[in-house]
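For reference, the structure is listed below as structure tokens.
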Amino acid sequence: MQKTDILVIGAGVAGLTFAIKMAEKRSDLRITVITKSKLGETNTKYAQGGVAAVWNHDVDNYQKHIEDTLDAGDGLCNRAIVEMVVKEGPEMVKELISWGTKFDKHDGKYDLGREGGHSENRILHYKDLTGWEIQRALLARAQEYSNIHLYEEIYAIDLITQHHLGYSVTRVTPDITVYGAYILDKSKDEIDKILARVTILATGGAGQVYRNTTNPTIATGDGMAMVYRAKGRLENMEFVQFHPTALFNPGRENPDFLVSEAVRGEGGILKTRDGKEFMQKYDDRRSLAPRDIVARAIDNEMKIRGDDYVLLDCRHLDKDAFIAHFPTIYNECLSIGIDPMVKMIPVVPACHYMCGGIKVDEFGRTSILNLFAAGECTCSGLHGANRLASNSLLEGLVYGDRIAKVVLNEIDMVPFKEGIPNWNAEGTTEPKEMVLITQSWKELKEIMSSYVGIVRNNVRLKRALEHPLLTSKRAGSEEGSPRFIA
Ligand code: FAD
Ligand code: SIN
């Protein structure tokens with residue numbers, strides 16, 4: 001059995017920002033950060049476009065960023081949260097820079113990019129590898145603190161609550177409390193427990209429930225599922241964001257390769273396969289409208305024309321500038337025989353981001369005591385029905401910092417819980433054939449992609465709900481469930 005003052009599940013932008021901010025102030029606390037895959041294999045690593053922050057005050061201001069965020073969120077954002085994140089964001093970006101993150105500069109000033117839904121250029125970026133650079137810098141910084149312990153290949157299975165002590169816990173139990181987590185140590189193939197005074201979920205998104213997604217394979221919504229099973233609150237799970245422009249490449253293995261929205265910010269124009277612009281029919285901002293509008297427009301064009309993709313025309317852009325800003329995208333296109341300076345890039349929408357998630361307040365508190373959450377696994381109120389481009393990294397930074405402030409105040413009053421039982425596998429089955437799981441996963445992806453996609457209707461949703469795979473899972477989760485997995 002392991003004991004740690006603080007257990008952080010997830011080492012992307014949200015989890016590592018929290019750990020660093022906490023370690024800066026309390027070198028006496030043991031901070032354990034676990035990741036289910038290799039350290040650094042996160043959604044954060046794949047971020048391309050950049051981080052949105054009001055930077056050039058000559059032309060930009062908080063009000064503009066706030067209005068852009070509210071507009072993209074389609075009336076469903078929480079204004080107070082939007083104001084808070086937008087105003088606190090730039091300071092956190094400055095900290096990120098002070099921790100060693102590099103962003104591109106032009107004539108000595110940060111080169112600010114533009115993406116869909118933004119009324120100004122305010123995206124700090126490192127080529128088209130912003131997430132890779134942030135992940136690198138955060139990991140390096142975290143490793144400088146001797147009280148941050150980073151572990152890879154440790155898979156959180158379930159949150160430990162009173163339920164595991166034999167108490168009945170339901171969705172209306174008012175004081176559900178977390179005492180740590182059961183974890184699968186992949187090197188030993190054993191389920192162990194980590195006891196913690198405070199637990200932080202920073203487990204990222206769930207794009208892998210769809211067939212086509214820009215998310216890496218770690219994005220399976222584990223944090224959301226753990227909170228759901230522990231009878232905590234989730235919100236807005238129906239708001240799944242589809243990125244308009246994943247590279248159309250049927251030969252590529254999961255995940256899909258993203259063609260950053262920043263390419264449209266630099267002047268790339270969406271066209272149908274016969275070379276005609278179409279976004280003017282849908283929004284005055286054309287190819288730079290917010291993501292949900294562009295993704296629906298592409299979906300509609302593909303459906304009425306019977307096409308598998310649309311095209312992104314970059315042929316008129318400056319070649320040297322394009323290669324300097326988008327080297328990874330340029331090379332990926334070349335690898336499938338498309339020189340973006342000569343041919344238009346075939347693109348298609350793909351699942352990209354979960355706007356909903358674990359319900360948190362302005363300090364990252366969940367509905368479960370001593371459990372906090374930050375980043376893509378949460379629903380903070382920032383994104384509403386549709387996230388504004390490049391606001392996700394910003395949210396992870398701001399919430400990582402805010403949670404650290406609260407935990408600093410509270411942790412000394414939180415004791416460890418004694419008497420936690422070992423994992424009880426009674427009632428569970430051990431699949432002898434992995435293929436049964438991979439097949440279920442494939443089926444789930446098909447159901448979600450066919451019936452719960454970009455545009456939904458009652459007939460399709462009903463079909464999904466009535467699918468045998470989902471009806472059997474629902475029955476399993478309510479009644480016939482094993483004791484410690486319910
Ligand atoms: P992640 O970075 O996804 O980290 C999740 C962590 O949780 C990982 O360490 C993982 O191992 C761990 N984990 C998960 N489940 C478990 C478990 N059961 N046990 C143990 N560990 C677990 N956003 C922007 O703002 N700007 C962009 O330019 C941008 N571009 C993007 C491009 C792509 C291709 C993608 C996929 C996303 C992009 N996003 C962008 C979104 C953004 O990258 C993510 O929303 C954000 O990085 C999420 O950070 P996070 O810390 O919440 O989670
Ligand atoms: C992109 O680069 O298009 C992704 C930006 C984001 O998800 O915010």
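Just remember, in the structure tokens the first chain shown is A, the second B, etc., residues are 1-based per chain, and ligands are 1-based in the order shown.
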Counting only C-alpha atoms and all ligand atoms, which protein, DNA or RNA residues come within 6 Å of ligand 1, given as JSON, numbers by chain? {"A": [9, 10, 11, 12, 13, 14, 15, 34, 35, 36, 37, 42, 43, 44, 46, 47, 48, 49, 50, 51, 154, 155, 156, 157, 202, 203, 204, 205, 214, 215, 218, 222, 258, 352, 375, 376, 377, 390, 391, 392, 393, 396]}
Can you list, as number ranges by chain, all residues belonging to segment 200-412 of chain A that DSSP tags as helix (DSSP H, G or I)?
-> A: 207-209, 222-229, 261-265, 279-281, 286-288, 291-305, 319-325, 327-335, 375-377, 392-412
Separating atom CA of Asp111 of chain A from atom CA of Met354 of chain A, to the nearest tenth of an Å, is a gap of 28.2 Å
- prompt: Counting only C-alpha atoms, what is within 10 Å of Leu165 of chain A, bar same-chain residues fewer than 4 positions away, as number ranges by chain?
  reply: A: 160-161, 419-421
Residues just named, written with C-alpha atoms as a compact mmCIF listing (two decimals), in the first residue's frame:
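File written: part_27.txt
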```txt
# COMPACT_ATOMS: atom_id res chain seq x y z
CA ILE A 160 -11.85 5.03 -3.23
CA THR A 161 -14.85 6.36 -1.30
CA GLY A 419 -8.94 0.85 7.13
CA ILE A 420 -9.25 0.94 3.36
CA PRO A 421 -9.64 -2.64 2.09
```
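Of the residues listed (A:Thr130, A:Asn457, A:Thr429, A:Ser146), A:Thr130 shows the shortest atom-to-atom separation from ligand 2; distances use only C-alpha atoms and all ligand atoms.
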**OP:** Identify, on the basis of only C-alpha atoms, every residue whose closest approach to Phe322 of chain A does not exceed 10 Å; exclude the query and any residue fewer than 3 positions from it along the same chain; express the result as a list of chain:residue names.
**Re:**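 Selected residues are A:Lys127, A:Val263, A:Glu266, A:Cys314, A:Leu317, A:Asp318, A:Lys319, A:His325, A:Phe326, A:Pro327, A:Ile329, A:Tyr330, A:Pro340, A:Met341.
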Check: In segment 40-114 of chain A, what's strand (DSSP E or B) per DSSP? Answer as number ranges by chain?
Finding: A: 51-52, 105-106, 109-110, 113
Residues as selected, N, CA, C and O atoms, written as a short mmCIF file (atom, residue, chain, number, x, y, z; two decimals), in the first residue's frame, can you do that?
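So the final result, stored in again_14.cif, reads:
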```cif
data_model
loop_
_atom_site.label_atom_id
_atom_site.label_comp_id
_atom_site.auth_asym_id
_atom_site.auth_seq_id
_atom_site.Cartn_x
_atom_site.Cartn_y
_atom_site.Cartn_z
N VAL A 51 -1.85 28.57 -27.50
CA VAL A 51 -2.58 29.01 -26.30
C VAL A 51 -3.13 30.40 -26.57
O VAL A 51 -2.38 31.31 -26.94
N ALA A 52 -4.44 30.56 -26.31
CA ALA A 52 -5.06 31.88 -26.52
C ALA A 52 -4.86 32.72 -25.27
O ALA A 52 -5.15 32.28 -24.16
N LYS A 105 8.68 33.83 -32.05
CA LYS A 105 8.72 35.30 -32.06
C LYS A 105 8.96 35.80 -33.48
O LYS A 105 9.51 35.08 -34.31
N HIS A 106 8.57 37.06 -33.69
CA HIS A 106 8.79 37.70 -34.98
C HIS A 106 9.25 39.12 -34.67
O HIS A 106 8.56 39.84 -33.93
N LYS A 109 9.07 40.11 -31.02
CA LYS A 109 7.79 40.05 -30.31
C LYS A 109 7.12 38.71 -30.56
O LYS A 109 7.33 38.11 -31.62
N TYR A 110 6.30 38.27 -29.60
CA TYR A 110 5.62 36.99 -29.81
C TYR A 110 4.75 37.06 -31.06
O TYR A 110 4.03 38.04 -31.28
N GLY A 113 -0.91 34.11 -33.50
CA GLY A 113 -1.71 33.52 -34.58
C GLY A 113 -3.20 33.78 -34.37
O GLY A 113 -3.63 34.29 -33.33
#
```
Min atom-atom distance to Phe239 of chain A from the set A:Gly357, A:Pro90, A:Gly166, A:Pro349, counting only C-alpha atoms, belongs to A:Gly357
Open item on the list: Taking 2 positions as the minimum chain separation for residues in the same chain, which residues sit within 8 Å of Tyr182 of chain A when counting only C-alpha atoms? Answer as a PyMOL selection string.
Closed with: chain A and resi 156-160+180+184+191-194+423
*asked:* Quick one: residues within 6 Å of segment 73-80 of chain A, only C-alpha atoms, excluding same-chain residues fewer than 3 positions away - as a PyMOL selection string?
replied: chain A and resi 70+83+381-387
Grab the residues selected above and save them as an mmCIF file, in the first residue's frame with N, CA, C and O atoms.
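Writing done, so here's selection_9.cif:
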```
data_model
loop_
_atom_site.group_PDB
_atom_site.id
_atom_site.type_symbol
_atom_site.label_atom_id
_atom_site.label_comp_id
_atom_site.auth_asym_id
_atom_site.auth_seq_id
_atom_site.Cartn_x
_atom_site.Cartn_y
_atom_site.Cartn_z
ATOM 1 N N LEU A 70 -17.702 33.542 -25.312
ATOM 2 C CA LEU A 70 -19.147 33.393 -25.077
ATOM 3 C C LEU A 70 -19.873 33.094 -26.381
ATOM 4 O O LEU A 70 -20.790 32.260 -26.436
ATOM 5 N N GLU A 83 -14.826 35.112 -17.676
ATOM 6 C CA GLU A 83 -14.084 36.338 -17.304
ATOM 7 C C GLU A 83 -12.852 35.977 -16.481
ATOM 8 O O GLU A 83 -11.761 36.509 -16.702
ATOM 9 N N GLY A 381 -17.592 25.381 -17.170
ATOM 10 C CA GLY A 381 -18.463 26.481 -17.582
ATOM 11 C C GLY A 381 -17.767 27.390 -18.579
ATOM 12 O O GLY A 381 -18.373 28.287 -19.148
ATOM 13 N N LEU A 382 -16.470 27.138 -18.829
ATOM 14 C CA LEU A 382 -15.726 27.996 -19.769
ATOM 15 C C LEU A 382 -16.199 27.797 -21.209
ATOM 16 O O LEU A 382 -16.293 28.751 -21.968
ATOM 17 N N HIS A 383 -16.479 26.560 -21.580
ATOM 18 C CA HIS A 383 -16.665 26.274 -23.011
ATOM 19 C C HIS A 383 -18.108 26.254 -23.491
ATOM 20 O O HIS A 383 -18.350 26.297 -24.697
ATOM 21 N N GLY A 384 -19.074 26.128 -22.566
ATOM 22 C CA GLY A 384 -20.456 26.038 -23.011
ATOM 23 C C GLY A 384 -20.652 24.895 -23.975
ATOM 24 O O GLY A 384 -20.151 23.784 -23.761
ATOM 25 N N ALA A 385 -21.333 25.168 -25.093
ATOM 26 C CA ALA A 385 -21.644 24.095 -26.031
ATOM 27 C C ALA A 385 -20.517 23.848 -27.021
ATOM 28 O O ALA A 385 -20.529 22.849 -27.747
ATOM 29 N N ASN A 386 -19.544 24.747 -27.058
ATOM 30 C CA ASN A 386 -18.492 24.626 -28.076
ATOM 31 C C ASN A 386 -17.283 25.455 -27.662
ATOM 32 O O ASN A 386 -17.385 26.671 -27.517
ATOM 33 N N ARG A 387 -16.151 24.801 -27.492
ATOM 34 C CA ARG A 387 -14.954 25.504 -27.004
ATOM 35 C C ARG A 387 -14.356 26.411 -28.073
ATOM 36 O O ARG A 387 -14.216 26.004 -29.236
#
```
